[in-house]
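**Q** Sending over coords.cif (mmCIF, C-alpha atoms (C1' of nucleotides)).
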```
data_model
loop_
_atom_site.label_atom_id
_atom_site.label_comp_id
_atom_site.auth_asym_id
_atom_site.auth_seq_id
_atom_site.Cartn_x
_atom_site.Cartn_y
_atom_site.Cartn_z
CA MET A 925 26.91 31.95 14.85
CA PHE A 926 27.46 32.36 11.16
CA ASP A 927 25.56 29.25 10.19
CA LEU A 928 22.39 30.71 11.62
CA LEU A 929 22.36 33.55 9.17
CA ILE A 930 21.31 31.55 6.18
CA MET A 931 18.20 32.09 4.20
CA THR A 932 17.05 31.98 0.60
CA PRO A 933 14.27 33.66 -1.35
CA GLU A 934 12.86 30.20 -2.08
CA LEU A 935 12.60 29.36 1.60
CA LYS A 936 10.86 32.66 2.25
CA LYS A 937 8.48 31.93 -0.58
CA PHE A 938 7.83 28.46 0.81
CA ILE A 939 6.97 29.87 4.23
CA SER A 940 4.91 32.70 2.78
CA GLU A 941 2.67 30.25 1.01
CA TYR A 942 1.49 29.00 4.38
CA VAL A 943 1.27 32.15 6.45
CA HIS A 944 1.41 35.90 6.00
CA LEU A 945 4.09 37.35 8.23
CA LEU A 946 5.41 40.84 8.65
CA ASP A 947 8.61 41.29 6.66
CA GLY A 948 10.76 41.40 9.76
CA GLU A 949 9.15 38.30 11.20
CA LEU A 950 9.57 36.32 8.01
CA GLU A 951 13.18 37.39 7.85
CA PHE A 952 13.77 36.42 11.45
CA ILE A 953 12.17 33.00 11.11
CA ALA A 954 13.88 32.14 7.86
CA HIS A 955 17.18 33.00 9.55
CA GLN A 956 16.63 30.32 12.16
CA PHE A 957 17.29 27.67 9.55
CA LYS A 958 20.75 26.20 9.34
CA THR A 959 22.37 24.98 6.20
CA LYS A 960 24.14 21.81 5.19
CA THR A 961 25.39 20.19 2.00
CA ILE A 962 25.09 16.43 1.56
CA GLN A 963 27.06 14.57 -1.06
CA LYS A 964 25.41 12.11 -3.39
CA ASN A 965 24.43 8.89 -1.63
CA GLU A 966 25.08 10.30 1.83
CA PHE A 967 22.39 10.03 4.48
CA LEU A 968 20.53 12.71 6.36
CA LEU A 969 18.74 10.09 8.42
CA GLN A 970 19.13 6.39 8.95
CA GLU A 971 17.01 3.66 10.47
CA GLY A 972 17.04 3.89 14.26
CA GLU A 973 17.71 7.61 14.37
CA THR A 974 15.00 10.13 15.13
CA CYS A 975 14.04 12.77 12.60
CA LYS A 976 14.66 16.00 14.49
CA ASP A 977 14.53 18.57 11.72
CA LEU A 978 12.23 20.17 9.25
CA ILE A 979 14.19 20.11 6.02
CA PHE A 980 13.86 22.39 3.03
CA VAL A 981 15.70 21.27 -0.11
CA GLN A 982 17.41 24.29 -1.60
CA ASN A 983 19.04 22.35 -4.39
CA GLY A 984 19.38 18.73 -5.38
CA CYS A 985 17.11 15.88 -4.43
CA LEU A 986 16.50 13.55 -1.49
CA ARG A 987 14.99 10.08 -1.39
CA LEU A 988 13.12 8.51 1.52
CA TYR A 989 13.06 4.73 1.58
CA TYR A 990 12.82 1.74 3.89
CA LEU A 991 14.30 -1.72 3.75
CA GLN A 992 12.13 -4.77 3.27
CA ASP A 993 14.31 -7.89 3.39
CA ASP A 994 17.31 -6.01 1.99
CA PHE A 995 15.22 -4.53 -0.78
CA GLU A 996 14.90 -0.75 -0.86
CA VAL A 997 11.36 0.58 -1.10
CA SER A 998 11.27 4.26 -2.01
CA VAL A 999 8.33 6.16 -0.63
CA TRP A 1000 9.10 9.77 -1.32
CA PHE A 1001 11.34 12.09 -3.30
CA ALA A 1002 11.95 15.67 -2.26
CA LEU A 1003 12.90 17.77 -5.24
CA LYS A 1004 14.41 21.22 -4.89
CA HIS A 1005 12.32 23.87 -3.16
CA SER A 1006 10.21 21.30 -1.39
CA SER A 1007 10.31 19.86 2.09
CA ALA A 1008 11.67 16.52 3.22
CA ILE A 1009 10.97 14.91 6.54
CA GLU A 1010 10.25 11.47 7.83
CA ILE A 1011 6.96 12.65 9.17
CA TYR A 1012 6.14 9.80 11.50
CA SER A 1013 9.42 10.03 13.36
CA PHE A 1014 9.35 13.83 13.38
CA ILE A 1015 5.88 14.02 14.89
CA SER A 1016 6.04 11.07 17.24
CA GLU A 1017 9.69 11.61 18.20
CA THR A 1018 10.36 7.89 17.89
CA PRO A 1019 13.15 6.17 15.95
CA THR A 1020 12.55 5.94 12.24
CA ASN A 1021 12.43 2.86 10.03
CA TYR A 1022 13.49 4.92 7.06
CA PHE A 1023 16.58 6.24 5.33
CA LEU A 1024 16.79 9.75 3.91
CA GLN A 1025 19.49 9.82 1.28
CA ALA A 1026 20.78 12.34 -1.24
CA ILE A 1027 20.18 11.21 -4.81
CA GLU A 1028 22.57 13.90 -5.94
CA THR A 1029 24.67 16.47 -4.10
CA THR A 1030 22.07 18.43 -2.18
CA GLU A 1031 21.94 21.69 -0.26
CA ILE A 1032 19.41 21.85 2.50
CA LEU A 1033 18.14 24.37 4.98
CA TYR A 1034 16.89 22.79 8.16
CA LEU A 1035 15.09 23.86 11.30
CA PRO A 1036 15.46 21.70 14.40
CA LYS A 1037 12.16 20.78 16.04
CA THR A 1038 13.51 22.13 19.32
CA VAL A 1039 13.95 25.54 17.69
CA LEU A 1040 10.53 25.31 16.07
CA ASN A 1041 8.98 24.57 19.46
CA LYS A 1042 10.55 27.71 20.90
CA LEU A 1043 9.50 29.78 17.92
CA TYR A 1044 5.88 28.73 18.51
CA GLU A 1045 6.06 30.67 21.77
CA THR A 1046 7.54 33.85 20.38
CA HIS A 1047 5.82 33.67 16.99
CA PRO A 1048 2.42 32.02 17.44
CA LYS A 1049 1.73 32.50 13.76
CA LEU A 1050 3.98 29.53 13.16
CA GLN A 1051 1.17 27.40 14.56
CA GLU A 1052 -0.88 28.52 11.60
CA MET A 1053 1.98 27.83 9.25
CA MET A 1054 2.41 24.30 10.52
CA ARG A 1055 -1.35 23.73 10.66
CA LYS A 1056 -1.53 24.53 6.97
CA PHE A 1057 1.66 22.67 6.19
CA TRP A 1058 0.23 19.52 7.74
CA GLU A 1059 -2.97 20.01 5.76
CA ASP A 1060 -0.90 20.01 2.61
CA VAL A 1061 0.94 16.91 3.74
CA ILE A 1062 -2.35 15.14 4.43
CA LEU A 1063 -3.67 15.90 0.95
CA HIS A 1064 -0.50 14.46 -0.56
CA LEU A 1065 -0.62 11.38 1.64
CA LEU A 1066 -4.25 10.71 0.82
CA GLU A 1067 -3.67 11.04 -2.90
CA ARG A 1068 -0.83 8.58 -2.75
CA PHE A 1069 -2.77 6.27 -0.50
CA THR A 1070 -5.75 6.25 -2.82
CA ALA A 1071 -3.61 5.58 -5.87
CA LEU A 1072 -1.87 2.65 -4.23
CA GLN A 1073 -5.09 1.12 -3.00
CA ARG A 1074 -7.45 1.68 -5.87
CA ASP A 1075 -5.44 1.89 -9.05
CA THR A 1076 -3.72 -0.92 -10.90
CA ALA A 1077 0.05 -0.93 -11.24
CA GLU A 1078 -0.39 0.08 -14.87
CA GLN A 1079 -2.54 3.08 -13.95
CA ARG A 1080 0.01 4.22 -11.40
CA TYR A 1081 2.68 4.04 -14.06
CA LEU A 1082 0.55 6.06 -16.44
CA ASP A 1083 0.09 8.67 -13.71
CA LEU A 1084 3.82 8.77 -13.19
CA LEU A 1085 4.30 9.60 -16.86
CA ASN A 1086 2.49 12.87 -16.13
CA LYS A 1087 5.14 13.88 -13.63
CA PRO A 1088 8.10 14.99 -15.72
CA GLU A 1089 9.98 16.42 -12.71
CA LEU A 1090 10.18 12.94 -11.22
CA LEU A 1091 10.92 11.15 -14.47
CA GLN A 1092 13.74 13.54 -15.23
CA THR A 1093 15.31 13.60 -11.81
CA ILE A 1094 14.81 10.16 -10.32
CA PRO A 1095 16.54 7.02 -11.61
CA GLN A 1096 14.02 4.42 -12.73
CA LYS A 1097 15.32 1.87 -10.27
CA TYR A 1098 13.83 4.03 -7.51
CA LEU A 1099 10.60 4.76 -9.32
CA ALA A 1100 9.44 1.13 -9.46
CA SER A 1101 9.03 0.72 -5.72
CA PHE A 1102 7.69 4.28 -5.49
CA ILE A 1103 4.66 3.25 -7.54
CA GLY A 1104 4.46 -0.02 -5.63
CA VAL A 1105 5.80 -2.57 -8.09
CA THR A 1106 8.99 -4.58 -8.51
CA PRO A 1107 11.49 -3.50 -11.15
CA THR A 1108 10.57 -6.66 -13.05
CA SER A 1109 6.92 -5.75 -13.14
CA LEU A 1110 7.62 -2.16 -14.11
CA SER A 1111 9.57 -3.46 -17.05
CA ARG A 1112 6.63 -5.57 -18.17
CA ILE A 1113 4.18 -2.71 -17.69
CA LYS A 1114 6.26 -0.47 -19.93
CA LYS A 1115 6.32 -3.21 -22.55
CA ASN A 1116 2.54 -3.57 -22.51
CA ILE A 1117 2.01 0.15 -22.96
CA ARG A 1118 4.34 0.65 -25.88
CA MET B 559 -30.29 29.81 19.11
CA PHE B 560 -30.74 26.93 21.47
CA ASP B 561 -28.85 24.50 19.31
CA LEU B 562 -25.66 26.50 19.75
CA LEU B 563 -25.58 25.91 23.46
CA ILE B 564 -24.57 22.31 23.31
CA MET B 565 -21.46 20.87 24.78
CA THR B 566 -20.35 17.73 26.56
CA PRO B 567 -17.54 16.89 28.98
CA GLU B 568 -16.19 14.45 26.41
CA LEU B 569 -15.91 17.15 23.77
CA LYS B 570 -14.13 19.41 26.25
CA LYS B 571 -11.78 16.58 27.09
CA PHE B 572 -11.16 15.95 23.39
CA ILE B 573 -10.24 19.59 22.81
CA SER B 574 -8.16 19.78 25.98
CA GLU B 575 -5.97 16.96 24.79
CA TYR B 576 -4.77 19.17 21.97
CA VAL B 577 -4.49 22.57 23.58
CA HIS B 578 -4.58 24.14 27.02
CA LEU B 579 -7.22 26.83 27.13
CA LEU B 580 -8.51 29.01 29.90
CA ASP B 581 -11.74 27.60 31.31
CA GLY B 582 -13.85 30.34 29.82
CA GLU B 583 -12.26 29.95 26.42
CA LEU B 584 -12.74 26.19 26.38
CA GLU B 585 -16.33 26.66 27.40
CA PHE B 586 -16.89 29.24 24.69
CA ILE B 587 -15.35 27.16 21.95
CA ALA B 588 -17.11 23.95 22.92
CA HIS B 589 -20.37 25.89 22.79
CA GLN B 590 -19.83 26.74 19.14
CA PHE B 591 -20.54 23.13 18.23
CA LYS B 592 -24.02 22.24 17.10
CA THR B 593 -25.69 18.94 17.71
CA LYS B 594 -27.53 16.47 15.54
CA THR B 595 -28.83 12.93 15.80
CA ILE B 596 -28.58 10.59 12.83
CA GLN B 597 -30.60 7.43 12.59
CA LYS B 598 -29.00 4.13 11.69
CA ASN B 599 -28.04 3.95 8.01
CA GLU B 600 -28.64 7.65 7.44
CA PHE B 601 -25.94 9.73 5.82
CA LEU B 602 -24.02 12.70 7.11
CA LEU B 603 -22.23 13.07 3.81
CA GLN B 604 -22.67 11.61 0.36
CA GLU B 605 -20.57 11.46 -2.78
CA GLY B 606 -20.56 14.82 -4.54
CA GLU B 607 -21.19 16.86 -1.39
CA THR B 608 -18.41 18.77 0.34
CA CYS B 609 -17.46 17.96 3.91
CA LYS B 610 -18.02 21.26 5.67
CA ASP B 611 -17.89 20.23 9.32
CA LEU B 612 -15.58 18.91 11.95
CA ILE B 613 -17.58 16.14 13.59
CA PHE B 614 -17.26 14.75 17.09
CA VAL B 615 -19.14 11.54 17.78
CA GLN B 616 -20.83 11.86 21.14
CA ASN B 617 -22.53 8.49 20.93
CA GLY B 618 -22.91 5.78 18.35
CA CYS B 619 -20.67 5.06 15.41
CA LEU B 620 -20.05 6.36 11.89
CA ARG B 621 -18.60 4.63 8.88
CA LEU B 622 -16.72 6.28 6.00
CA TYR B 623 -16.70 4.37 2.74
CA TYR B 624 -16.48 4.78 -1.01
CA LEU B 625 -18.01 2.88 -3.89
CA GLN B 626 -15.90 0.87 -6.26
CA ASP B 627 -18.10 -0.60 -8.99
CA ASP B 628 -21.10 -0.77 -6.65
CA PHE B 629 -19.03 -2.41 -3.96
CA GLU B 630 -18.65 -0.53 -0.68
CA VAL B 631 -15.09 -0.11 0.56
CA SER B 632 -14.96 1.01 4.19
CA VAL B 633 -11.97 3.13 5.07
CA TRP B 634 -12.70 4.44 8.55
CA PHE B 635 -14.92 3.98 11.55
CA ALA B 636 -15.47 6.73 14.07
CA LEU B 637 -16.42 5.30 17.43
CA LYS B 638 -17.88 7.40 20.19
CA HIS B 639 -15.76 10.23 21.56
CA SER B 640 -13.66 10.36 18.45
CA SER B 641 -13.73 12.59 15.39
CA ALA B 642 -15.12 11.86 11.96
CA ILE B 643 -14.41 13.84 8.86
CA GLU B 644 -13.73 13.16 5.24
CA ILE B 645 -10.40 14.85 5.55
CA TYR B 646 -9.62 15.35 1.89
CA SER B 647 -12.87 17.12 1.14
CA PHE B 648 -12.75 19.10 4.38
CA ILE B 649 -9.26 20.43 3.75
CA SER B 650 -9.44 20.91 0.00
CA GLU B 651 -13.07 22.07 -0.01
CA THR B 652 -13.78 19.89 -3.03
CA PRO B 653 -16.63 17.38 -3.48
CA THR B 654 -16.07 14.08 -1.76
CA ASN B 655 -15.99 10.60 -3.26
CA TYR B 656 -17.07 9.14 0.06
CA PHE B 657 -20.17 8.41 2.10
CA LEU B 658 -20.35 9.01 5.84
CA GLN B 659 -23.07 6.85 7.28
CA ALA B 660 -24.35 6.02 10.76
CA ILE B 661 -23.79 2.37 11.64
CA GLU B 662 -26.17 2.84 14.54
CA THR B 663 -28.20 5.77 15.77
CA THR B 664 -25.57 8.39 16.44
CA GLU B 665 -25.38 11.72 18.23
CA ILE B 666 -22.82 14.12 16.93
CA LEU B 667 -21.48 17.52 17.79
CA TYR B 668 -20.22 19.41 14.80
CA LEU B 669 -18.38 22.61 14.05
CA PRO B 670 -18.75 24.15 10.60
CA LYS B 671 -15.45 25.02 8.95
CA THR B 672 -16.75 28.56 8.40
CA VAL B 673 -17.14 28.94 12.16
CA LEU B 674 -13.75 27.38 12.79
CA ASN B 675 -12.17 29.86 10.39
CA LYS B 676 -13.70 32.75 12.32
CA LEU B 677 -12.65 31.27 15.63
CA TYR B 678 -9.04 31.17 14.43
CA GLU B 679 -9.16 34.97 14.40
CA THR B 680 -10.62 35.45 17.85
CA HIS B 681 -8.94 32.42 19.44
CA PRO B 682 -5.55 31.92 17.77
CA LYS B 683 -4.89 29.02 20.10
CA LEU B 684 -7.17 26.98 17.88
CA GLN B 685 -4.39 27.04 15.31
CA GLU B 686 -2.34 25.06 17.80
CA MET B 687 -5.23 22.72 18.44
CA MET B 688 -5.69 21.99 14.77
CA ARG B 689 -1.94 21.76 14.17
CA LYS B 690 -1.77 19.01 16.78
CA PHE B 691 -5.01 17.42 15.62
CA TRP B 692 -3.60 17.08 12.12
CA GLU B 693 -0.40 15.62 13.53
CA ASP B 694 -2.50 12.94 15.19
CA VAL B 695 -4.38 12.33 11.97
CA ILE B 696 -1.12 11.96 10.09
CA LEU B 697 0.19 9.36 12.53
CA HIS B 698 -3.01 7.35 12.11
CA LEU B 699 -2.92 7.64 8.33
CA LEU B 700 0.69 6.54 8.15
CA GLU B 701 0.08 3.54 10.37
CA ARG B 702 -2.81 2.43 8.22
CA PHE B 703 -0.88 3.14 5.08
CA THR B 704 2.07 1.09 6.23
CA ALA B 705 -0.11 -1.83 7.25
CA LEU B 706 -1.89 -1.92 3.92
CA GLN B 707 1.32 -1.72 1.95
CA ARG B 708 3.68 -3.93 3.89
CA ASP B 709 1.62 -6.49 5.73
CA THR B 710 -0.15 -9.50 4.30
CA ALA B 711 -3.91 -9.74 4.49
CA GLU B 712 -3.52 -12.33 7.22
CA GLN B 713 -1.31 -10.04 9.30
CA ARG B 714 -3.82 -7.23 8.98
CA TYR B 715 -6.54 -9.54 10.20
CA LEU B 716 -4.41 -10.59 13.17
CA ASP B 717 -3.89 -6.91 13.99
CA LEU B 718 -7.60 -6.35 13.82
CA LEU B 719 -8.12 -9.05 16.42
CA ASN B 720 -6.26 -6.77 18.84
CA LYS B 721 -8.86 -4.05 18.44
CA PRO B 722 -11.83 -5.21 20.48
CA GLU B 723 -13.66 -1.87 20.15
CA LEU B 724 -13.87 -2.39 16.40
CA LEU B 725 -14.67 -6.09 16.55
CA GLN B 726 -17.48 -5.47 18.99
CA THR B 727 -19.00 -2.46 17.27
CA ILE B 728 -18.52 -2.98 13.56
CA PRO B 729 -20.30 -5.67 11.53
CA GLN B 730 -17.82 -8.03 9.89
CA LYS B 731 -19.14 -7.20 6.44
CA TYR B 732 -17.59 -3.76 6.86
CA LEU B 733 -14.37 -4.98 8.41
CA ALA B 734 -13.28 -7.00 5.37
CA SER B 735 -12.81 -4.02 3.08
CA PHE B 736 -11.42 -2.01 6.01
CA ILE B 737 -8.44 -4.35 6.16
CA GLY B 738 -8.24 -4.40 2.39
CA VAL B 739 -9.67 -7.80 1.47
CA THR B 740 -12.90 -9.11 -0.03
CA PRO B 741 -15.43 -10.78 2.27
CA THR B 742 -14.58 -14.06 0.56
CA SER B 743 -10.90 -13.73 1.35
CA LEU B 744 -11.57 -12.71 4.93
CA SER B 745 -13.58 -15.85 5.35
CA ARG B 746 -10.70 -17.96 4.13
CA ILE B 747 -8.19 -16.13 6.30
CA LYS B 748 -10.28 -16.85 9.38
CA LYS B 749 -10.42 -20.50 8.39
CA ASN B 750 -6.64 -20.72 8.04
CA ILE B 751 -6.07 -19.20 11.45
CA ARG B 752 -8.43 -21.37 13.42
"C1'" DT C 94 37.72 3.96 -24.92
"C1'" DC C 95 36.74 -0.23 -23.11
"C1'" DA C 96 36.11 -3.35 -19.39
"C1'" DA C 97 33.39 -3.69 -15.22
"C1'" DT C 98 29.37 -2.89 -13.01
"C1'" DT C 99 24.78 -1.81 -12.75
"C1'" DT C 100 20.32 -1.68 -14.57
"C1'" DC C 101 16.79 -3.40 -17.51
"C1'" DT C 102 14.34 -6.96 -19.95
"C1'" DT C 103 12.36 -11.36 -20.65
"C1'" DG C 104 10.99 -16.30 -19.93
"C1'" DC C 105 9.17 -19.48 -16.85
"C1'" DC C 106 6.87 -20.69 -12.90
"C1'" DA C 107 4.73 -19.62 -8.21
"C1'" DT C 108 1.45 -17.39 -5.25
"C1'" DA C 109 -1.87 -14.42 -3.03
"C1'" DA C 110 -6.02 -12.77 -3.58
"C1'" DG C 111 -10.22 -12.00 -6.42
"C1'" DA C 112 -14.59 -13.38 -9.15
"C1'" DC C 113 -18.46 -15.94 -9.30
"C1'" DA C 114 -21.73 -19.16 -7.86
"C1'" DA C 115 -23.82 -22.46 -4.80
"C1'" DC C 116 -24.76 -23.50 -0.45
"C1'" DT C 117 -25.15 -22.75 4.75
"C1'" DT C 118 -25.80 -20.04 8.66
"C1'" DT C 119 -27.42 -16.06 10.94
"C1'" DT C 120 -30.26 -12.19 11.47
"C1'" DT C 121 -34.41 -9.65 10.92
"C1'" DA C 122 -39.16 -8.59 10.80
"C1'" DT C 123 -43.71 -9.70 11.40
"C1'" DA D 1378 -42.09 -18.95 15.43
"C1'" DT D 1379 -41.13 -18.79 10.93
"C1'" DA D 1380 -40.36 -17.12 6.40
"C1'" DA D 1381 -37.48 -13.88 4.02
"C1'" DA D 1382 -33.38 -11.52 3.65
"C1'" DA D 1383 -28.72 -10.85 4.65
"C1'" DA D 1384 -24.29 -12.41 5.71
"C1'" DG D 1385 -20.83 -15.82 5.72
"C1'" DT D 1386 -18.47 -19.98 3.82
"C1'" DT D 1387 -16.51 -22.88 0.39
"C1'" DG D 1388 -15.24 -24.85 -4.34
"C1'" DT D 1389 -13.40 -23.89 -8.71
"C1'" DC D 1390 -11.18 -21.07 -11.75
"C1'" DT D 1391 -8.85 -16.62 -13.11
"C1'" DT D 1392 -5.72 -12.90 -12.77
"C1'" DA D 1393 -2.30 -9.65 -11.40
"C1'" DT D 1394 1.93 -9.47 -9.68
"C1'" DG D 1395 6.12 -11.50 -7.74
"C1'" DG D 1396 10.56 -14.50 -7.61
"C1'" DC D 1397 14.34 -16.06 -9.79
"C1'" DA D 1398 17.68 -16.45 -13.29
"C1'" DA D 1399 19.77 -15.56 -17.73
"C1'" DG D 1400 20.77 -12.53 -21.13
"C1'" DA D 1401 20.81 -7.62 -23.19
"C1'" DA D 1402 21.57 -2.89 -22.72
"C1'" DA D 1403 23.21 1.08 -20.51
"C1'" DT D 1404 26.09 3.48 -17.46
"C1'" DT D 1405 30.31 4.26 -15.06
"C1'" DG D 1406 35.04 4.93 -14.08
"C1'" DA D 1407 39.87 4.72 -14.90
#
```
Let me see the structure of the file written as structure tokens.

**A**
Amino acid sequence: MFDLLIMTPELKKFISEYVHLLDGELEFIAHQFKTKTIQKNEFLLQEGETCKDLIFVQNGCLRLYYLQDDFEVSVWFALKHSSAIEIYSFISETPTNYFLQAIETTEILYLPKTVLNKLYETHPKLQEMMRKFWEDVILHLLERFTALQRDTAEQRYLDLLNKPELLQTIPQKYLASFIGVTPTSLSRIKKNIR
Amino acid sequence: MFDLLIMTPELKKFISEYVHLLDGELEFIAHQFKTKTIQKNEFLLQEGETCKDLIFVQNGCLRLYYLQDDFEVSVWFALKHSSAIEIYSFISETPTNYFLQAIETTEILYLPKTVLNKLYETHPKLQEMMRKFWEDVILHLLERFTALQRDTAEQRYLDLLNKPELLQTIPQKYLASFIGVTPTSLSRIKKNIR
DNA sequence: TCAATTTCTTGCCATAAGACAACTTTTTAT
DNA sequence: ATAAAAAGTTGTCTTATGGCAAGAAATTGA
């Protein structure tokens, strides 16, 4: 039972940004999360598995990617104090095509969807939390979508330069595919800009 | 006050697919929608405006597009009995970059976000409805996203051929940009496939 | 610290899709 | 029915990005 009694101020803050709960309620819900530490390069999720948990990154960093002909295409990075899920698999409850891997040793707090579903019944305010959480996710998705469709590779690189958290934390080899170019092209783009 | 008392079985069905409500509640909520008819080529939303309503298409068809150097890029079509919103603007409450236009004369039912926000208080079950609605939206977005990023133009055209509702309802001139190609390229793709 | 491995850069060539313009076909309106 | 407008097709050329391979630089691990 010990592993249920885990909670951090950052997780509480994360939840509080989506919904106002009574102190006791917030405490109770945050305590439903379990904790786990993943070593660098280990996987939280692999192709064919189903994403069953909402994950909050307490420390470290996770990378979500898929394989295209043996080449890794990174689609998302979850830095500390943010969430990390393979959304499609989590929502649809179907096997994922993605891999969720620790870029460095990472501590997570996670809430199984089965637990979340039960909490909806006892704490209906979680519906509001998740409604708002999904709204946030949608805004992020649309921004990324728009950038990939409308901007040139060079523009996407320039935008990336405005995101120091990513530049500092994520090895460049992962950033190329994240902005939708090959490592070769990224190299050339950097050259043109200098 | 008359225009508040509008509701259709299809709207009730649409809502019921997201949340189970007592008959009276469903009735009440569906009655909060207002109705409007838009003539072909008229706009429900234009660049610079903010998308303030959840829209349900009772009949007809709407097109969502943006302008890129005077060229119209279609990103979504809302056929009858489906929803149509410029999600980014609706959620973020910022001015849109899009146009929402009637492809043919279209009857809509719409619910202002201000009303929705009040309904959340009196009918908390709407939080669940919207939570699930957004989940649906996310699955659609991700599918489209994946297709545009990973598939070739030809593959996207082949996928389109499996969507008779779109092929029948939407003029081809709009379908080209929808699958992410120019009209010229679409023409060539069709030629290659024949 | 130094070799081994990985990552990054660069040159050369290939390719998918776009731009533009001319022409053809289809649709629309009277 | 027919002229005008709109949409679709095709040729030619351009461009952005990718693929591959070789070499340079950086990182890693014992």

**Q** To test your reading of the syntax: which residues would the PyMOL selection byres ((chain C and resi 123) around 10) return for the file shown? Reply as a VMD selection string.

**A** (chain C and resid 121 to 122) or (chain D and resid 1379 to 1380)

**Q** On this structure, the PyMOL selection byres ((chain A) within 10 of (chain D)) would catch which residues? List them as a ChimeraX atom specification, sorted by chain and number.

**A** /A:1076-1077,1105-1106,1108-1109

**Q** With a cut-off of 6 Å and counting all atoms listed in the file, select all residues of chain A in contact with chain B and give the selection as a list in words.

**A**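 Residues passing the distance filter: Gln1051, Glu1052 and Arg1055 of chain A.
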
**Q** Evaluate the PyMOL selection byres ((chain A and resi 1001-1010) around 7) against this structure - the residues, as a list in words, please.

**A**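 Given this file, the PyMOL selection byres ((chain A and resi 1001-1010) around 7) evaluates to Glu934, Cys975, Leu978, Ile979, Phe980, Val981, Gln982, Asn983, Gly984, Cys985, Leu986, Arg987, Leu988, Trp1000, Ile1011, Tyr1012, Ser1013 and Phe1014 of chain A.
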
**Q** With chain B as the partner and 12 Å as the cut-off, tabulate the residues of chain C that qualify, each row holding the nearest pair of atoms and their distance in Å to one decimal, using all atoms listed in the file, sorted by chain and rising number, as CSV.

**A**
```
residue,atom,partner,partner_atom,distance
C:DA109,C1',B:Thr710,CA,9.0
C:DA110,C1',B:Ser743,CA,7.0
C:DG111,C1',B:Thr740,CA,7.5
C:DA112,C1',B:Thr742,CA,9.7
C:DC113,C1',B:Thr742,CA,10.8
C:DT120,C1',B:Pro729,CA,11.9
```

**Q** Could you please determine the separation between atom CA of B:Gln726 and atom CA of B:Thr663 in Å, to one decimal place?

**A**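 Atom CA of B:Thr663 lies 15.9 Å from atom CA of B:Gln726.
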
**Q** Taking N, CA and C atoms as the atom set, what does stretch 593-606 of chain B look like once completed, written as a PDB file, in the frame of the given file?

**A**
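As a result, rebuild_5.pdb now contains:
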```
ATOM      1  N   THR B 593     -25.444  20.352  17.480  1.00  0.00           N
ATOM      2  CA  THR B 593     -25.690  18.940  17.710  1.00  0.00           C
ATOM      3  C   THR B 593     -26.693  18.395  16.700  1.00  0.00           C
ATOM      4  N   LYS B 594     -26.627  17.104  16.480  1.00  0.00           N
ATOM      5  CA  LYS B 594     -27.530  16.470  15.540  1.00  0.00           C
ATOM      6  C   LYS B 594     -27.588  14.979  15.871  1.00  0.00           C
ATOM      7  N   THR B 595     -28.723  14.376  15.629  1.00  0.00           N
ATOM      8  CA  THR B 595     -28.830  12.930  15.800  1.00  0.00           C
ATOM      9  C   THR B 595     -29.133  12.312  14.447  1.00  0.00           C
ATOM     10  N   ILE B 596     -28.391  11.266  14.115  1.00  0.00           N
ATOM     11  CA  ILE B 596     -28.580  10.590  12.830  1.00  0.00           C
ATOM     12  C   ILE B 596     -29.041   9.171  13.101  1.00  0.00           C
ATOM     13  N   GLN B 597     -30.105   8.788  12.418  1.00  0.00           N
ATOM     14  CA  GLN B 597     -30.600   7.430  12.590  1.00  0.00           C
ATOM     15  C   GLN B 597     -29.711   6.435  11.870  1.00  0.00           C
ATOM     16  N   LYS B 598     -29.769   5.205  12.319  1.00  0.00           N
ATOM     17  CA  LYS B 598     -29.000   4.130  11.690  1.00  0.00           C
ATOM     18  C   LYS B 598     -29.187   4.156  10.178  1.00  0.00           C
ATOM     19  N   ASN B 599     -28.077   4.004   9.481  1.00  0.00           N
ATOM     20  CA  ASN B 599     -28.040   3.950   8.010  1.00  0.00           C
ATOM     21  C   ASN B 599     -28.264   5.294   7.316  1.00  0.00           C
ATOM     22  N   GLU B 600     -28.542   6.338   8.081  1.00  0.00           N
ATOM     23  CA  GLU B 600     -28.640   7.650   7.440  1.00  0.00           C
ATOM     24  C   GLU B 600     -27.252   8.215   7.154  1.00  0.00           C
ATOM     25  N   PHE B 601     -27.222   9.185   6.263  1.00  0.00           N
ATOM     26  CA  PHE B 601     -25.940   9.730   5.820  1.00  0.00           C
ATOM     27  C   PHE B 601     -25.683  11.127   6.379  1.00  0.00           C
ATOM     28  N   LEU B 602     -24.439  11.361   6.746  1.00  0.00           N
ATOM     29  CA  LEU B 602     -24.020  12.700   7.110  1.00  0.00           C
ATOM     30  C   LEU B 602     -23.367  13.375   5.921  1.00  0.00           C
ATOM     31  N   LEU B 603     -22.962  12.560   4.963  1.00  0.00           N
ATOM     32  CA  LEU B 603     -22.230  13.070   3.810  1.00  0.00           C
ATOM     33  C   LEU B 603     -22.380  12.036   2.709  1.00  0.00           C
ATOM     34  N   GLN B 604     -22.601  12.525   1.489  1.00  0.00           N
ATOM     35  CA  GLN B 604     -22.670  11.610   0.360  1.00  0.00           C
ATOM     36  C   GLN B 604     -21.798  12.108  -0.778  1.00  0.00           C
ATOM     37  N   GLU B 605     -21.393  11.176  -1.605  1.00  0.00           N
ATOM     38  CA  GLU B 605     -20.570  11.460  -2.780  1.00  0.00           C
ATOM     39  C   GLU B 605     -21.079  12.722  -3.488  1.00  0.00           C
ATOM     40  N   GLY B 606     -20.173  13.613  -3.826  1.00  0.00           N
ATOM     41  CA  GLY B 606     -20.560  14.820  -4.540  1.00  0.00           C
ATOM     42  C   GLY B 606     -20.760  16.013  -3.629  1.00  0.00           C
TER      43      GLY B 606
END
```
